[in-house]
Amino acid sequence: MSDELERIRSLVDAHQDFLLVAHKDADADSLGSVLAFADCLRRQGKAPYPWVPEPLPRGLSYLPGYGEVNRRQAPPGAVAVAFDAGSPDRFGNLRERIERAPLTLVFDHHTSNRGFGDVCLVDREAAATGVILFRALRAWGVEITPEAATNLYAAIFTDTGGFRHENTSAEVLQLGADLAELGADPAWIALKSYKSRPRSTLQLQGLATAAARYELGDRLVWSEVTLEMLSSCGATMEESEGIIDVLQSLDTMLCAILFKQLDQDLTQVSVRTRGPIEAHRLVAPLGGGGHRRAAGAEVRASLAEVEGRLLEATRQSLAAAS
Ligand SMILES: [Mn+2]
């Protein structure tokens with residue numbers, strides 16, 4: 001067992017209350033890891049407090065234990081455990097709460113993670129934070145219930161794009177099989193992850209796909225989700241989740257970008273890449289981070305300004321790469 005694994009286990013043994021935190025705009029990797037760990041702690045007689053930054057990710061309500069999220073305040077002395085984020089600012093309104101905790105543990109797999117907290121269990125090669133947590137739980141000999149297995153499977157399944165991204169290795173598929181044996185239902189999790197979208201989500205996806213722009217021989221594809229598009233579909237910004245996957249399905253693309261207008265002066269970007277272009281490098285000048293193939297940023301600037309800055313830098317990267 002690695003030194004960090006030993007240290008985390010003895011720290012967990014020595015404490016009672018745990019504030020478990022997923023990142024802002026929580027995905028199934030961050031929240032699934034939180035809920036799987038909460039389940040394991042509870043079975044050991046500990047008190048877990050699962051939290052996510054507002055707004056609650058209602059699309060993840062199928063994850064077992066979701067009903068416990070943001071229910072009870074953790075006592076001030078609780079150990080903070082942060083999941084699936086490369087830097088503390090990914091925790092939005094909970095950042096301060098994490099920084100005030102007497103002890104902070106981190107489980108993460110982001111390329112951009114430079115280390116934070118007191119003990120940081122980071123594997124930048126891991127396909128998902130759920131992979132790191134599953135390995136840790138097995139190394140500690142902790143019993144994994146069907147509920148925890150479901151959360152871990154959802155974490156790994158979605159962070160590999162349904163076992164389709166480049167990070168889908170033999171180990172990842174093996175872990176998926178192990179979790180299915182422990183009680184996770186692959187078809188049900190696939191249904192909940194990718195086939196349970198309301199009509200407004202499809203309509204929003206249609207608008208954003210129709211608005212896509214193609215540049216540089218279709219190697220760059222980009223689109224936007226504006227506040228106006230949301231209101232015309234009756235959709236919320238969380239429903240824009242799957243649009244980047246449609247853009248990145250283009251056969252010729254090396255870079256796909258989706259710009260989201262959160263406010264008149266607040267813009268979010270999602271970047272996906274293939275070949276020589278590295279996503280986390282493209283968003284670094286905007287203060288963002290992530291992985292080689294998937295990264296993002298939130299910028300305090302207008303949609304037009306962020307589009308101008310990132311598209312210009314991307315065109316230059318693509319020109320340099322060809
Ligand atoms: Mn992740």
# chains A, B, ... in the order shown; residues from 1 in each chain; ligands from 1

call {"tool": "residues_around", "arguments": {"residues": "A:Pro88", "least_positions_apart": "5", "cutoff": "10 Å", "atoms": "only C-alpha atoms", "output": "list of chain:residue names"}}
result
A:His23, A:Ala82, A:Leu94, A:Arg95, A:Glu96, A:Ile98, A:Glu99, A:Asn113, A:Gly115, A:Phe116, A:Gly117

call {"tool": "write_last_selection", "arguments": {"atoms": "N, CA and C atoms", "output": "tab-separated table (two decimals), in the first residue's frame"}}
result
chain	number	residue	atom	x	y	z
A	23	HIS	N	-17.28	18.72	-6.71
A	23	HIS	CA	-17.00	20.03	-7.30
A	23	HIS	C	-18.26	20.69	-7.84
A	82	ALA	N	-12.19	16.24	-0.38
A	82	ALA	CA	-12.57	16.86	-1.65
A	82	ALA	C	-12.34	15.87	-2.79
A	94	LEU	N	-18.46	26.36	-1.39
A	94	LEU	CA	-17.99	25.49	-0.30
A	94	LEU	C	-16.48	25.58	-0.10
A	95	ARG	N	-15.82	26.37	-0.94
A	95	ARG	CA	-14.37	26.47	-0.87
A	95	ARG	C	-13.88	26.91	0.53
A	96	GLU	N	-14.53	27.96	1.03
A	96	GLU	CA	-14.13	28.49	2.34
A	96	GLU	C	-14.32	27.45	3.44
A	98	ILE	N	-14.14	24.25	3.12
A	98	ILE	CA	-13.06	23.25	3.01
A	98	ILE	C	-11.78	23.81	3.59
A	99	GLU	N	-11.49	25.09	3.28
A	99	GLU	CA	-10.24	25.68	3.74
A	99	GLU	C	-10.22	25.90	5.25
A	113	ASN	N	-3.90	19.26	-11.63
A	113	ASN	CA	-3.79	19.29	-10.16
A	113	ASN	C	-2.35	19.55	-9.73
A	115	GLY	N	-1.67	19.94	-6.46
A	115	GLY	CA	-1.60	19.53	-5.07
A	115	GLY	C	-2.18	20.56	-4.14
A	116	PHE	N	-3.19	20.20	-3.38
A	116	PHE	CA	-3.72	21.07	-2.32
A	116	PHE	C	-4.25	20.17	-1.23
A	117	GLY	N	-4.58	20.75	-0.08
A	117	GLY	CA	-5.03	19.95	1.05
A	117	GLY	C	-3.84	19.36	1.80

call {"tool": "residues_near_ligand", "arguments": {"ligand": "ligand 1", "cutoff": "7 Å", "atoms": "only C-alpha atoms and all ligand atoms", "output": "list in words"}}
result
Asp29, Ser30, Asp84, His109, Ala128, Thr129 and Asp159 of chain A

call {"tool": "write_last_selection", "arguments": {"atoms": "C-alpha atoms", "output": "short mmCIF file (atom, residue, chain, number, x, y, z; two decimals), in the first residue's frame"}}
result
data_model
loop_
_atom_site.label_atom_id
_atom_site.label_comp_id
_atom_site.auth_asym_id
_atom_site.auth_seq_id
_atom_site.Cartn_x
_atom_site.Cartn_y
_atom_site.Cartn_z
CA ASP A 29 -17.48 11.07 -11.02
CA SER A 30 -17.30 13.68 -8.26
CA ASP A 84 -12.38 15.19 -8.43
CA HIS A 109 -7.12 12.66 -11.31
CA ALA A 128 -11.70 8.78 -13.06
CA THR A 129 -11.58 9.76 -9.42
CA ASP A 159 -15.80 9.85 -17.03
#

call {"tool": "select_by_dssp", "arguments": {"residues": "stretch 71-302 of chain A", "states": "helix (DSSP H, G or I)", "output": "MDAnalysis selection string"}}
result
chainID A and resid 88:100 129:139 146:159 170:181 186:194 199:210 227:233 237:240 243:247 279:286

call {"tool": "closest_atom_pairs", "arguments": {"of": "stretch 114-218 of chain A", "to": "stretch 297-318 of chain A", "cutoff": "12 Å", "atoms": "only C-alpha atoms", "output": "tab-separated table"}}
result
residue	atom	partner	partner_atom	distance
A:Arg213	CA	A:Leu311	CA	11.3
A:Tyr214	CA	A:Arg315	CA	11.7
A:Glu215	CA	A:Arg315	CA	8.7
A:Leu216	CA	A:Arg315	CA	7.9
A:Gly217	CA	A:Leu318	CA	10.8
A:Asp218	CA	A:Leu318	CA	11.2

call {"tool": "write_last_selection", "arguments": {"atoms": "N, CA and C atoms", "output": "tab-separated table (two decimals), in the first residue's frame"}}
result
chain	number	residue	atom	x	y	z
A	213	ARG	N	-20.30	26.42	-35.64
A	213	ARG	CA	-19.43	26.98	-36.68
A	213	ARG	C	-18.28	26.02	-36.93
A	214	TYR	N	-17.90	25.89	-38.20
A	214	TYR	CA	-16.84	24.95	-38.60
A	214	TYR	C	-15.71	25.74	-39.23
A	215	GLU	N	-14.49	25.54	-38.75
A	215	GLU	CA	-13.36	26.32	-39.26
A	215	GLU	C	-12.17	25.42	-39.57
A	216	LEU	N	-11.23	25.99	-40.32
A	216	LEU	CA	-9.94	25.33	-40.59
A	216	LEU	C	-10.12	23.91	-41.12
A	217	GLY	N	-10.91	23.80	-42.18
A	217	GLY	CA	-11.15	22.48	-42.78
A	217	GLY	C	-11.86	21.55	-41.82
A	218	ASP	N	-12.76	22.11	-41.01
A	218	ASP	CA	-13.57	21.35	-40.05
A	218	ASP	C	-12.75	20.70	-38.93

call {"tool": "closest_residue", "arguments": {"among": "A:Gln174, A:Ser112, A:Thr209, A:Thr158", "to": "A:Ala295", "atoms": "only C-alpha atoms"}}
result
A:Ser112

call {"tool": "closest_residue", "arguments": {"among": "A:Ala208, A:Cys40, A:Ile277, A:Ala80", "to": "A:Gly141", "atoms": "only C-alpha atoms"}}
result
A:Cys40

call {"tool": "residues_around", "arguments": {"residues": "A:Arg135", "least_positions_apart": "4", "cutoff": "12 Å", "atoms": "only C-alpha atoms", "output": "JSON, numbers by chain"}}
result
{"A": [1, 2, 5, 33, 107, 121, 123, 126, 128, 129, 130, 131, 139, 140, 141, 142, 144, 152, 171, 172, 174, 175, 178, 179]}

call {"tool": "write_last_selection", "arguments": {"atoms": "N, CA, C and O atoms", "output": "compact mmCIF listing (two decimals), in the first residue's frame"}}
result
# COMPACT_ATOMS: atom_id res chain seq x y z
N MET A 1 0.85 -1.21 0.00
CA MET A 1 0.00 0.00 0.00
C MET A 1 0.88 1.26 0.00
O MET A 1 1.89 1.29 0.70
N SER A 2 0.51 2.27 -0.78
CA SER A 2 1.33 3.49 -0.85
C SER A 2 1.27 4.26 0.48
O SER A 2 0.37 4.05 1.29
N LEU A 5 -1.96 6.18 0.91
CA LEU A 5 -3.09 5.31 1.25
C LEU A 5 -3.07 4.95 2.73
O LEU A 5 -4.10 4.97 3.40
N SER A 33 -18.33 9.49 -6.33
CA SER A 33 -17.24 9.20 -5.39
C SER A 33 -17.61 9.64 -3.98
O SER A 33 -17.38 8.90 -3.01
N PHE A 107 -8.96 13.44 -3.22
CA PHE A 107 -8.87 12.36 -4.21
C PHE A 107 -9.07 12.99 -5.58
O PHE A 107 -10.11 13.60 -5.83
N LEU A 121 -4.31 12.45 -2.69
CA LEU A 121 -4.14 11.19 -3.41
C LEU A 121 -4.49 11.46 -4.88
O LEU A 121 -5.66 11.45 -5.26
N ASP A 123 -3.80 10.67 -8.98
CA ASP A 123 -3.23 9.86 -10.06
C ASP A 123 -3.70 10.49 -11.36
O ASP A 123 -4.86 10.34 -11.75
N ALA A 126 -5.20 8.20 -13.99
CA ALA A 126 -6.44 7.45 -13.72
C ALA A 126 -7.57 7.99 -14.58
O ALA A 126 -7.69 9.19 -14.80
N ALA A 128 -10.69 8.09 -13.86
CA ALA A 128 -11.70 8.78 -13.06
C ALA A 128 -11.25 8.82 -11.62
O ALA A 128 -10.43 7.99 -11.19
N THR A 129 -11.81 9.76 -10.86
CA THR A 129 -11.58 9.76 -9.42
C THR A 129 -12.16 8.49 -8.81
O THR A 129 -11.61 7.93 -7.86
N GLY A 130 -13.27 8.01 -9.40
CA GLY A 130 -13.87 6.76 -8.94
C GLY A 130 -12.90 5.58 -9.01
O GLY A 130 -12.97 4.67 -8.18
N VAL A 131 -12.01 5.58 -9.99
CA VAL A 131 -11.00 4.52 -10.10
C VAL A 131 -10.06 4.57 -8.89
O VAL A 131 -9.76 3.55 -8.27
N ALA A 139 -7.85 -1.71 -1.32
CA ALA A 139 -6.58 -1.84 -0.60
C ALA A 139 -6.82 -1.83 0.91
O ALA A 139 -6.13 -2.52 1.67
N TRP A 140 -7.83 -1.05 1.35
CA TRP A 140 -8.14 -0.97 2.79
C TRP A 140 -9.00 -2.15 3.25
O TRP A 140 -9.29 -2.28 4.44
N GLY A 141 -9.46 -2.97 2.32
CA GLY A 141 -10.30 -4.11 2.68
C GLY A 141 -11.70 -3.73 3.13
O GLY A 141 -12.35 -4.44 3.88
N VAL A 142 -12.18 -2.57 2.64
CA VAL A 142 -13.51 -2.09 3.02
C VAL A 142 -14.59 -2.82 2.21
O VAL A 142 -14.42 -3.04 1.02
N ILE A 144 -17.73 -3.22 -0.01
CA ILE A 144 -18.39 -2.34 -0.97
C ILE A 144 -19.80 -2.86 -1.23
O ILE A 144 -19.98 -3.96 -1.76
N LEU A 152 -19.75 4.05 -7.82
CA LEU A 152 -18.41 3.96 -8.43
C LEU A 152 -18.50 3.62 -9.91
O LEU A 152 -17.76 4.16 -10.74
N GLU A 171 -7.75 -2.10 -17.60
CA GLU A 171 -8.00 -2.00 -16.16
C GLU A 171 -9.39 -1.41 -15.87
O GLU A 171 -10.13 -1.90 -15.03
N VAL A 172 -9.72 -0.34 -16.64
CA VAL A 172 -11.01 0.32 -16.44
C VAL A 172 -12.16 -0.65 -16.71
O VAL A 172 -13.13 -0.72 -15.94
N GLN A 174 -12.03 -3.86 -16.53
CA GLN A 174 -12.00 -4.87 -15.47
C GLN A 174 -12.69 -4.34 -14.20
O GLN A 174 -13.47 -5.03 -13.57
N LEU A 175 -12.38 -3.06 -13.87
CA LEU A 175 -13.01 -2.46 -12.68
C LEU A 175 -14.53 -2.39 -12.88
O LEU A 175 -15.30 -2.63 -11.94
N ASP A 178 -15.85 -5.77 -12.22
CA ASP A 178 -15.83 -6.04 -10.77
C ASP A 178 -17.00 -5.35 -10.07
O ASP A 178 -17.64 -5.92 -9.18
N LEU A 179 -17.28 -4.10 -10.50
CA LEU A 179 -18.37 -3.35 -9.87
C LEU A 179 -19.73 -3.95 -10.23
O LEU A 179 -20.64 -3.98 -9.40

call {"tool": "select_by_dssp", "arguments": {"residues": "stretch 32-154 of chain A", "states": "strand (DSSP E or B)", "output": "list in words"}}
result
Ala47, Pro48, Tyr49, Pro50, Trp51, Val79, Ala80, Val81, Ala82, Phe83, Thr104, Leu105, Val106, Phe107, Asp108, Val119, Cys120, Leu121 and Val122 of chain A

call {"tool": "atom_distance", "arguments": {"atom1": "atom CA of A:Thr273", "atom2": "atom CA of A:Leu220"}}
result
9.4 Å

call {"tool": "closest_residue", "arguments": {"among": "A:Leu103, A:Ile156, A:Lys24, A:Asn151", "to": "A:Ala38", "atoms": "only C-alpha atoms"}}
result
A:Asn151

call {"tool": "atom_distance", "arguments": {"atom1": "atom CA of A:Cys120", "atom2": "atom CA of A:Asn93"}}
result
21.1 Å

call {"tool": "closest_residue", "arguments": {"among": "A:Val269, A:Ala170, A:Ala294, A:Ala256", "to": "A:Arg281", "atoms": "only C-alpha atoms"}}
result
A:Ala294

call {"tool": "atom_distance", "arguments": {"atom1": "atom CA of A:Ile189", "atom2": "atom CA of A:Gln205"}}
result
21.8 Å

call {"tool": "closest_residue", "arguments": {"among": "A:Leu56, A:Leu227, A:Ala284, A:Ala211", "to": "A:Gln264", "atoms": "only C-alpha atoms"}}
result
A:Leu227

call {"tool": "closest_residue", "arguments": {"among": "A:Leu191, A:Leu63, A:Gly287, A:Arg293", "to": "A:Asp89", "atoms": "only C-alpha atoms"}}
result
A:Gly287

call {"tool": "residues_around", "arguments": {"residues": "stretch 13-15 of chain A", "least_positions_apart": "3", "cutoff": "10 Å", "atoms": "only C-alpha atoms", "output": "MDAnalysis selection string"}}
result
chainID A and resid 7:10 18 41 44 46:47 77:79

call {"tool": "decode", "arguments": {"residues": "stretch 26-142 of chain A", "atoms": "C-alpha atoms", "output": "PDB file, in the first residue's frame"}}
result
ATOM      1  CA  ALA A  26     -20.960  18.141 -10.028  1.00  0.00           C
ATOM      2  CA  ASP A  27     -20.726  15.209 -12.408  1.00  0.00           C
ATOM      3  CA  ALA A  28     -21.218  11.530 -11.629  1.00  0.00           C
ATOM      4  CA  ASP A  29     -17.484  11.075 -11.020  1.00  0.00           C
ATOM      5  CA  SER A  30     -17.298  13.680  -8.259  1.00  0.00           C
ATOM      6  CA  LEU A  31     -20.718  13.057  -6.677  1.00  0.00           C
ATOM      7  CA  GLY A  32     -20.600   9.267  -7.196  1.00  0.00           C
ATOM      8  CA  SER A  33     -17.236   9.199  -5.393  1.00  0.00           C
ATOM      9  CA  VAL A  34     -18.655  11.326  -2.553  1.00  0.00           C
ATOM     10  CA  LEU A  35     -21.671   9.038  -2.150  1.00  0.00           C
ATOM     11  CA  ALA A  36     -19.661   5.804  -2.410  1.00  0.00           C
ATOM     12  CA  PHE A  37     -17.259   7.029   0.277  1.00  0.00           C
ATOM     13  CA  ALA A  38     -20.184   8.227   2.423  1.00  0.00           C
ATOM     14  CA  ASP A  39     -21.705   4.735   2.251  1.00  0.00           C
ATOM     15  CA  CYS A  40     -18.425   3.082   3.296  1.00  0.00           C
ATOM     16  CA  LEU A  41     -17.878   5.533   6.178  1.00  0.00           C
ATOM     17  CA  ARG A  42     -21.423   5.054   7.454  1.00  0.00           C
ATOM     18  CA  ARG A  43     -20.928   1.274   7.563  1.00  0.00           C
ATOM     19  CA  GLN A  44     -17.839   1.869   9.700  1.00  0.00           C
ATOM     20  CA  GLY A  45     -19.920   3.824  12.216  1.00  0.00           C
ATOM     21  CA  LYS A  46     -18.607   7.212  11.035  1.00  0.00           C
ATOM     22  CA  ALA A  47     -20.679  10.320  10.243  1.00  0.00           C
ATOM     23  CA  PRO A  48     -20.386  11.471   6.596  1.00  0.00           C
ATOM     24  CA  TYR A  49     -21.871  14.792   5.413  1.00  0.00           C
ATOM     25  CA  PRO A  50     -22.115  14.793   1.590  1.00  0.00           C
ATOM     26  CA  TRP A  51     -22.188  18.288   0.051  1.00  0.00           C
ATOM     27  CA  VAL A  52     -22.121  19.822  -3.432  1.00  0.00           C
ATOM     28  CA  PRO A  53     -21.909  23.539  -4.350  1.00  0.00           C
ATOM     29  CA  GLU A  54     -25.281  25.048  -5.347  1.00  0.00           C
ATOM     30  CA  PRO A  55     -27.225  24.467  -7.527  1.00  0.00           C
ATOM     31  CA  LEU A  56     -27.957  20.791  -6.804  1.00  0.00           C
ATOM     32  CA  PRO A  57     -27.234  18.539  -9.828  1.00  0.00           C
ATOM     33  CA  ARG A  58     -30.761  17.133 -10.169  1.00  0.00           C
ATOM     34  CA  GLY A  59     -29.762  15.038 -13.185  1.00  0.00           C
ATOM     35  CA  LEU A  60     -27.745  12.879 -10.777  1.00  0.00           C
ATOM     36  CA  SER A  61     -30.669  12.149  -8.431  1.00  0.00           C
ATOM     37  CA  TYR A  62     -30.533   8.479  -9.493  1.00  0.00           C
ATOM     38  CA  LEU A  63     -27.259   7.972  -7.600  1.00  0.00           C
ATOM     39  CA  PRO A  64     -27.917   5.949  -4.400  1.00  0.00           C
ATOM     40  CA  GLY A  65     -27.725   8.237  -1.364  1.00  0.00           C
ATOM     41  CA  TYR A  66     -28.504  11.422  -3.346  1.00  0.00           C
ATOM     42  CA  GLY A  67     -31.266  12.240  -0.833  1.00  0.00           C
ATOM     43  CA  GLU A  68     -28.597  12.858   1.833  1.00  0.00           C
ATOM     44  CA  VAL A  69     -26.803  15.555  -0.192  1.00  0.00           C
ATOM     45  CA  ASN A  70     -26.731  19.077   1.379  1.00  0.00           C
ATOM     46  CA  ARG A  71     -29.038  17.935   4.199  1.00  0.00           C
ATOM     47  CA  ARG A  72     -27.078  18.397   7.417  1.00  0.00           C
ATOM     48  CA  GLN A  73     -24.314  20.853   8.298  1.00  0.00           C
ATOM     49  CA  ALA A  74     -21.051  19.132   9.214  1.00  0.00           C
ATOM     50  CA  PRO A  75     -19.641  20.046  12.650  1.00  0.00           C
ATOM     51  CA  PRO A  76     -16.779  22.604  12.478  1.00  0.00           C
ATOM     52  CA  GLY A  77     -14.198  19.958  13.402  1.00  0.00           C
ATOM     53  CA  ALA A  78     -15.142  17.624  10.527  1.00  0.00           C
ATOM     54  CA  VAL A  79     -12.399  16.384   8.217  1.00  0.00           C
ATOM     55  CA  ALA A  80     -12.960  17.737   4.676  1.00  0.00           C
ATOM     56  CA  VAL A  81     -12.576  15.274   1.801  1.00  0.00           C
ATOM     57  CA  ALA A  82     -12.566  16.864  -1.654  1.00  0.00           C
ATOM     58  CA  PHE A  83     -13.248  14.779  -4.755  1.00  0.00           C
ATOM     59  CA  ASP A  84     -12.376  15.193  -8.428  1.00  0.00           C
ATOM     60  CA  ALA A  85     -10.989  18.730  -8.638  1.00  0.00           C
ATOM     61  CA  GLY A  86      -7.541  20.065  -9.429  1.00  0.00           C
ATOM     62  CA  SER A  87      -7.824  23.252  -7.382  1.00  0.00           C
ATOM     63  CA  PRO A  88      -9.837  24.626  -4.433  1.00  0.00           C
ATOM     64  CA  ASP A  89     -11.694  27.210  -6.535  1.00  0.00           C
ATOM     65  CA  ARG A  90     -13.666  24.357  -8.156  1.00  0.00           C
ATOM     66  CA  PHE A  91     -15.656  24.102  -4.920  1.00  0.00           C
ATOM     67  CA  GLY A  92     -17.556  27.381  -5.386  1.00  0.00           C
ATOM     68  CA  ASN A  93     -19.477  28.433  -2.283  1.00  0.00           C
ATOM     69  CA  LEU A  94     -17.986  25.491  -0.304  1.00  0.00           C
ATOM     70  CA  ARG A  95     -14.366  26.474  -0.867  1.00  0.00           C
ATOM     71  CA  GLU A  96     -14.132  28.491   2.339  1.00  0.00           C
ATOM     72  CA  ARG A  97     -15.727  25.667   4.317  1.00  0.00           C
ATOM     73  CA  ILE A  98     -13.061  23.252   3.009  1.00  0.00           C
ATOM     74  CA  GLU A  99     -10.240  25.680   3.741  1.00  0.00           C
ATOM     75  CA  ARG A 100     -11.475  26.185   7.326  1.00  0.00           C
ATOM     76  CA  ALA A 101     -11.509  22.419   8.029  1.00  0.00           C
ATOM     77  CA  PRO A 102      -8.760  21.263  10.430  1.00  0.00           C
ATOM     78  CA  LEU A 103      -7.722  18.588   7.934  1.00  0.00           C
ATOM     79  CA  THR A 104      -8.344  18.237   4.195  1.00  0.00           C
ATOM     80  CA  LEU A 105      -7.940  15.059   2.135  1.00  0.00           C
ATOM     81  CA  VAL A 106      -8.092  15.095  -1.681  1.00  0.00           C
ATOM     82  CA  PHE A 107      -8.866  12.355  -4.211  1.00  0.00           C
ATOM     83  CA  ASP A 108      -8.280  13.508  -7.792  1.00  0.00           C
ATOM     84  CA  HIS A 109      -7.125  12.657 -11.314  1.00  0.00           C
ATOM     85  CA  HIS A 110      -6.823  16.049 -13.065  1.00  0.00           C
ATOM     86  CA  THR A 111      -3.693  16.751 -15.119  1.00  0.00           C
ATOM     87  CA  SER A 112      -3.868  20.333 -13.867  1.00  0.00           C
ATOM     88  CA  ASN A 113      -3.793  19.292 -10.156  1.00  0.00           C
ATOM     89  CA  ARG A 114      -0.821  20.961  -8.476  1.00  0.00           C
ATOM     90  CA  GLY A 115      -1.597  19.526  -5.068  1.00  0.00           C
ATOM     91  CA  PHE A 116      -3.715  21.072  -2.321  1.00  0.00           C
ATOM     92  CA  GLY A 117      -5.030  19.949   1.047  1.00  0.00           C
ATOM     93  CA  ASP A 118      -3.078  18.019   3.690  1.00  0.00           C
ATOM     94  CA  VAL A 119      -3.001  14.613   2.005  1.00  0.00           C
ATOM     95  CA  CYS A 120      -3.575  14.567  -1.731  1.00  0.00           C
ATOM     96  CA  LEU A 121      -4.138  11.192  -3.415  1.00  0.00           C
ATOM     97  CA  VAL A 122      -3.694  12.148  -7.064  1.00  0.00           C
ATOM     98  CA  ASP A 123      -3.234   9.861 -10.061  1.00  0.00           C
ATOM     99  CA  ARG A 124      -3.168  11.986 -13.205  1.00  0.00           C
ATOM    100  CA  GLU A 125      -3.289   8.826 -15.350  1.00  0.00           C
ATOM    101  CA  ALA A 126      -6.436   7.448 -13.723  1.00  0.00           C
ATOM    102  CA  ALA A 127      -9.545   7.486 -15.911  1.00  0.00           C
ATOM    103  CA  ALA A 128     -11.704   8.778 -13.064  1.00  0.00           C
ATOM    104  CA  THR A 129     -11.575   9.764  -9.420  1.00  0.00           C
ATOM    105  CA  GLY A 130     -13.871   6.757  -8.943  1.00  0.00           C
ATOM    106  CA  VAL A 131     -10.995   4.522 -10.104  1.00  0.00           C
ATOM    107  CA  ILE A 132      -8.683   5.959  -7.429  1.00  0.00           C
ATOM    108  CA  LEU A 133     -11.327   5.597  -4.727  1.00  0.00           C
ATOM    109  CA  PHE A 134     -12.262   2.030  -5.762  1.00  0.00           C
ATOM    110  CA  ARG A 135      -8.599   0.982  -5.667  1.00  0.00           C
ATOM    111  CA  ALA A 136      -8.203   2.628  -2.227  1.00  0.00           C
ATOM    112  CA  LEU A 137     -11.310   0.971  -0.764  1.00  0.00           C
ATOM    113  CA  ARG A 138     -10.102  -2.434  -1.951  1.00  0.00           C
ATOM    114  CA  ALA A 139      -6.584  -1.843  -0.598  1.00  0.00           C
ATOM    115  CA  TRP A 140      -8.137  -0.974   2.790  1.00  0.00           C
ATOM    116  CA  GLY A 141     -10.300  -4.105   2.683  1.00  0.00           C
ATOM    117  CA  VAL A 142     -13.510  -2.085   3.022  1.00  0.00           C
TER     118      VAL A 142
END
